[in-house]
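Enquirer: If you scroll down you'll find the structure; I have some questions about it.
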Amino acid sequence: MHIDIRQLAFDPWQELTAYREHLSDSGRSGACAVFVGTMRDYNEGDSVRSMVLEHYPGMTEQQLETLVGASCESHDLIDALVIHRVGEITPGEDIVLVAVWSAHRSAAFDACREIMEALKSTAPFWKKERLAGDKGERWVERNTPG
Amino acid sequence: MTINVRFFASLRERLGLERTEIQPDGISDVRSVWQAVSDLPLDEELLVAVNRNYASLEQAVEDGDEVAFFPPVTGG
């Protein structure tokens with residue numbers, strides 16, 4: 001299991017390829033499910049120029065380790081990788097990667113979704129959008145239901 | 001020793017304060033920490049952590065603890 005919070009842009013597909021090389025117990029893995037979240041250029045009817053992602057250093061990592069660890073245990077995962085951006089992000093850049101490996105597809109699909117939903121509702125990150133034109137900045141007040 | 005209090009995101013901007021320290025005298029739980037740092041009513045939506053773990057308003061707070069208040073999280 002690996003958790004990483006990044007200040008700089010990352011390529012989730014390169015990260016996956018690199019991580020796969022060192023996957024724990026790879027011979028047992030028969031399924032991998034991946035979720036990548038990307039920044040849109042609009043939200044709630046407005047064009048968004050960029051956004052700044054803030055986190056709570058120390059607690060965010062700890063919370064991610066707890067929730068990913070719980071899914072690894074309950075779904076008997078072989079391995080899991082979570083990467084999340086912080087700092088200034090522009091549309092088209094990736095925000096989050098969740099990848100899980102398991103023996104069969106059911107556990108992989110379920111755990112990937114479960115980790116993503118738990119991250120969205122409990123990991124301390126906050127988004128502030130910078131809107132296009134002269135509309136200024138605004139905090140995203142809550143995540144969409146999915 | 002003191003209690004270290006932190007604020008994040010929109011709450012930090014609203015209070016104009018990122019962190020502060022308070023004396024532990026008269027502090028028993030998270031709710032009393034909030035009352036010591038702000039005159040504002042405690043927003044029901046606010047989340048709280050004590051020593052980087054989610055906590056309730058009733059959780060006991062001790063000298064040396066770090067107490068954080070923040071709005072609903074919006075990562076991912």
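Each chain in the structure tokens gets a letter, A, B, ..., in the order shown, and its residues are numbered from 1; ligands are numbered from 1 in order too.
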What lies within 9 Å of Ser121 (chain A) using only C-alpha atoms, ignoring chain neighbours under 6 positions off, as a list in words?
Expert: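 Counting only C-alpha atoms, the residues come to Asn143 of chain A; Pro72, Val73, Thr74 and Gly75 of chain B.
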Enquirer: Would you save the residues of that selection, restricted to N, CA and C atoms, as a PDB file, in the first residue's frame?
Expert:
ATOM      1  N   ASN A 143     -18.812  18.235  -1.812  1.00  0.00           N
ATOM      2  CA  ASN A 143     -18.629  17.407  -3.004  1.00  0.00           C
ATOM      3  C   ASN A 143     -19.973  16.973  -3.572  1.00  0.00           C
TER       4      ASN A 143
ATOM      5  N   PRO B  72     -16.674  21.123   5.782  1.00  0.00           N
ATOM      6  CA  PRO B  72     -16.751  19.819   5.097  1.00  0.00           C
ATOM      7  C   PRO B  72     -15.639  19.695   4.053  1.00  0.00           C
ATOM      8  N   VAL B  73     -15.111  18.475   3.905  1.00  0.00           N
ATOM      9  CA  VAL B  73     -13.945  18.265   3.035  1.00  0.00           C
ATOM     10  C   VAL B  73     -14.403  18.101   1.578  1.00  0.00           C
ATOM     11  N   THR B  74     -13.534  18.523   0.639  1.00  0.00           N
ATOM     12  CA  THR B  74     -13.937  18.535  -0.774  1.00  0.00           C
ATOM     13  C   THR B  74     -12.817  18.031  -1.682  1.00  0.00           C
ATOM     14  N   GLY B  75     -12.108  17.003  -1.232  1.00  0.00           N
ATOM     15  CA  GLY B  75     -11.024  16.479  -2.063  1.00  0.00           C
ATOM     16  C   GLY B  75     -11.521  15.530  -3.150  1.00  0.00           C
TER      17      GLY B  75
END
Enquirer: Among chain A, which ones does DSSP place in alpha helix (DSSP H), written as a compact mmCIF listing (two decimals) with C-alpha atoms, in the first residue's frame?
Expert:
# COMPACT_ATOMS: atom_id res chain seq x y z
CA PRO A 12 -1.29 8.53 -13.37
CA TRP A 13 -0.53 6.08 -16.19
CA GLN A 14 3.23 6.40 -15.73
CA GLU A 15 2.75 6.04 -11.99
CA LEU A 16 0.73 2.86 -12.51
CA THR A 17 3.31 1.33 -14.83
CA ALA A 18 6.11 2.11 -12.40
CA TYR A 19 4.19 0.83 -9.37
CA ARG A 20 3.25 -2.41 -11.12
CA GLU A 21 6.92 -3.29 -11.46
CA MET A 59 -3.85 14.33 9.29
CA THR A 60 -4.57 13.92 5.58
CA GLU A 61 -1.90 11.24 5.16
CA GLN A 62 -3.02 9.50 8.35
CA GLN A 63 -6.67 9.53 7.30
CA LEU A 64 -5.82 8.13 3.85
CA GLU A 65 -3.71 5.37 5.39
CA THR A 66 -6.58 4.46 7.72
CA LEU A 67 -9.26 4.31 5.02
CA VAL A 68 -7.10 2.54 2.41
CA GLY A 69 -5.88 0.11 5.07
CA ALA A 70 -9.49 -0.68 6.05
CA SER A 71 -10.42 -1.45 2.43
CA CYS A 72 -7.29 -3.57 1.93
CA GLU A 73 -8.31 -5.61 4.94
CA SER A 74 -12.04 -5.94 4.24
CA ARG A 105 -12.62 -8.36 -10.20
CA SER A 106 -15.43 -8.01 -7.70
CA ALA A 107 -13.16 -7.01 -4.82
CA ALA A 108 -11.17 -4.65 -7.08
CA PHE A 109 -14.25 -2.78 -8.38
CA ASP A 110 -15.83 -2.56 -4.92
CA ALA A 111 -12.67 -1.46 -3.11
CA CYS A 112 -11.78 1.18 -5.71
CA ARG A 113 -15.22 2.79 -5.35
CA GLU A 114 -15.19 2.45 -1.57
CA ILE A 115 -11.77 4.11 -1.22
CA MET A 116 -12.77 6.94 -3.55
CA GLU A 117 -16.02 7.63 -1.68
CA ALA A 118 -14.30 7.48 1.73
CA LEU A 119 -11.58 9.83 0.47
CA LYS A 120 -14.21 12.30 -0.78
CA SER A 121 -16.11 12.34 2.50
CA THR A 122 -13.34 12.08 5.11
Enquirer: With the cut-off set at 8 Å and counting only C-alpha atoms, tabulate each residue of region 33-64 of chain B with an atom at most that distance from an atom of region 5-24 of chain B, showing the nearest atom pair and its distance in Å to one decimal, ordered by chain and increasing number, as a tab-separated table.
Expert:
residue	atom	partner	partner_atom	distance
B:Ala36	CA	B:Ile22	CA	7.7
B:Val37	CA	B:Ile22	CA	7.9
B:Glu62	CA	B:Pro24	CA	7.1
B:Asp63	CA	B:Pro24	CA	5.6
Enquirer: Figure out the distance between CA of Leu81 (chain A) and CA of Ala103 (chain A), please, to one decimal in Å.
Expert: 15.9 Å
Enquirer: Skipping near chain neighbours, those fewer than 3 positions away, what residues fall within 6 Å of region 44-50 of chain A using only C-alpha atoms, listed as a list in words?
Expert: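 Once the nearby chain positions are removed, what remains is Asp41, Ile89, Thr90, Arg130, Leu131 and Ala132 of chain A.
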Enquirer: Produce a file of the selected residues containing C-alpha atoms, as a compact mmCIF listing (two decimals), in the first residue's frame.
Expert:
# COMPACT_ATOMS: atom_id res chain seq x y z
CA ASP A 41 -12.90 23.69 -16.67
CA ILE A 89 -4.15 22.85 -10.37
CA THR A 90 -5.33 23.78 -13.87
CA ARG A 130 -10.49 30.70 -9.33
CA LEU A 131 -13.21 31.62 -11.78
CA ALA A 132 -12.74 33.00 -15.27
Enquirer: Taking only C-alpha atoms into account, name the residue in B:Glu58, B:Asp39, B:Asp29, B:Glu66 that is nearest to chain A.
Expert: B:Glu66
Enquirer: Would you please give, as a list of chain:residue names, all residues of chain B that DSSP assigns to strand (DSSP E) based on the backbone?
Expert: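 Strand (DSSP E) members of chain B, listed: B:Ile3, B:Asn4, B:Val5, B:Arg6, B:Phe7, B:Arg19, B:Thr20, B:Glu21, B:Ile22, B:Leu47, B:Val48, B:Ala49, B:Val50, B:Asn53, B:Tyr54, B:Glu66, B:Val67, B:Ala68, B:Phe69, B:Phe70.
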Enquirer: Could you take the residues named above and write them with C-alpha atoms, as an mmCIF file, in the first residue's frame?
Expert:
data_model
loop_
_atom_site.group_PDB
_atom_site.id
_atom_site.type_symbol
_atom_site.label_atom_id
_atom_site.label_comp_id
_atom_site.auth_asym_id
_atom_site.auth_seq_id
_atom_site.Cartn_x
_atom_site.Cartn_y
_atom_site.Cartn_z
ATOM 1 C CA ILE B 3 -3.497 23.909 23.521
ATOM 2 C CA ASN B 4 -2.686 24.517 19.868
ATOM 3 C CA VAL B 5 -5.777 25.439 17.804
ATOM 4 C CA ARG B 6 -5.817 25.395 14.004
ATOM 5 C CA PHE B 7 -8.299 26.471 11.339
ATOM 6 C CA ARG B 19 -3.607 29.042 14.309
ATOM 7 C CA THR B 20 -3.578 30.213 17.891
ATOM 8 C CA GLU B 21 -2.573 28.932 21.297
ATOM 9 C CA ILE B 22 -4.782 28.974 24.365
ATOM 10 C CA LEU B 47 -15.647 19.165 11.456
ATOM 11 C CA VAL B 48 -13.233 18.774 14.337
ATOM 12 C CA ALA B 49 -10.012 16.851 14.872
ATOM 13 C CA VAL B 50 -8.027 16.328 18.051
ATOM 14 C CA ASN B 53 -8.086 12.282 14.453
ATOM 15 C CA TYR B 54 -11.748 13.151 13.915
ATOM 16 C CA GLU B 66 -3.773 20.081 18.834
ATOM 17 C CA VAL B 67 -7.417 20.887 18.061
ATOM 18 C CA ALA B 68 -8.429 21.669 14.449
ATOM 19 C CA PHE B 69 -11.705 23.083 13.112
ATOM 20 C CA PHE B 70 -12.567 22.916 9.418
#
Enquirer: Name all residues at most 10 Å from Ser24 (chain A) (count only C-alpha atoms; drop same-chain ones fewer than 3 positions away) and give them as a ChimeraX atom specification.
Expert: /A:1,19-21,27-29,78-80,101
Enquirer: Write to file, as a PDB file, in the first residue's frame, the residues of the selection just made, with C-alpha atoms.
Expert:
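Output file result_26.pdb follows:
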ATOM      1  CA  MET A   1       0.000   0.000   0.000  1.00  0.00           C
ATOM      2  CA  TYR A  19       4.187   0.827  -9.365  1.00  0.00           C
ATOM      3  CA  ARG A  20       3.250  -2.406 -11.123  1.00  0.00           C
ATOM      4  CA  GLU A  21       6.922  -3.287 -11.460  1.00  0.00           C
ATOM      5  CA  GLY A  27       1.547 -13.559  -8.885  1.00  0.00           C
ATOM      6  CA  ARG A  28      -1.689 -13.639  -6.863  1.00  0.00           C
ATOM      7  CA  SER A  29      -3.142 -10.569  -8.643  1.00  0.00           C
ATOM      8  CA  ILE A  78      -3.107  -7.484  -2.682  1.00  0.00           C
ATOM      9  CA  ASP A  79      -1.979  -3.888  -2.996  1.00  0.00           C
ATOM     10  CA  ALA A  80      -3.290  -0.314  -3.307  1.00  0.00           C
ATOM     11  CA  TRP A 101      -5.131  -5.013  -7.015  1.00  0.00           C
TER      12      TRP A 101
END
Enquirer: If I take CA of Val61 (chain B) and CA of Leu40 (chain B), how far is one from the other in Å, to one decimal?
Expert: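 If I compute the distance from CA of Val61 (chain B) to CA of Leu40 (chain B), I get 20.1 Å.
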Enquirer: Looking at B:Asp65, B:Asp43, B:Ser38, B:Asn51, which one is nearest to chain A, with distances taken over only C-alpha atoms?
Expert: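 Under the stated criterion, the closest residue is B:Asn51.
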Enquirer: Out of A:Glu129, A:Glu93, A:Asp76, A:Glu54, which residue has the shortest atom-to-atom distance to chain B when counting only C-alpha atoms?
Expert: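 Counting only C-alpha atoms, the residue closest to chain B is A:Glu54.
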Enquirer: Report, in Å to a single decimal, how far apart CA of Gly146 (chain A) and CA of Val96 (chain A) are.
Expert: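 Taking CA of Val96 (chain A) and CA of Gly146 (chain A), their separation equals 14.8 Å.
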Enquirer: Which one is closest to chain B: A:Tyr42, A:Trp126, A:Phe35, A:Phe10? Count only C-alpha atoms.
Expert: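 Among the listed residues, A:Trp126 lies closest to chain B.
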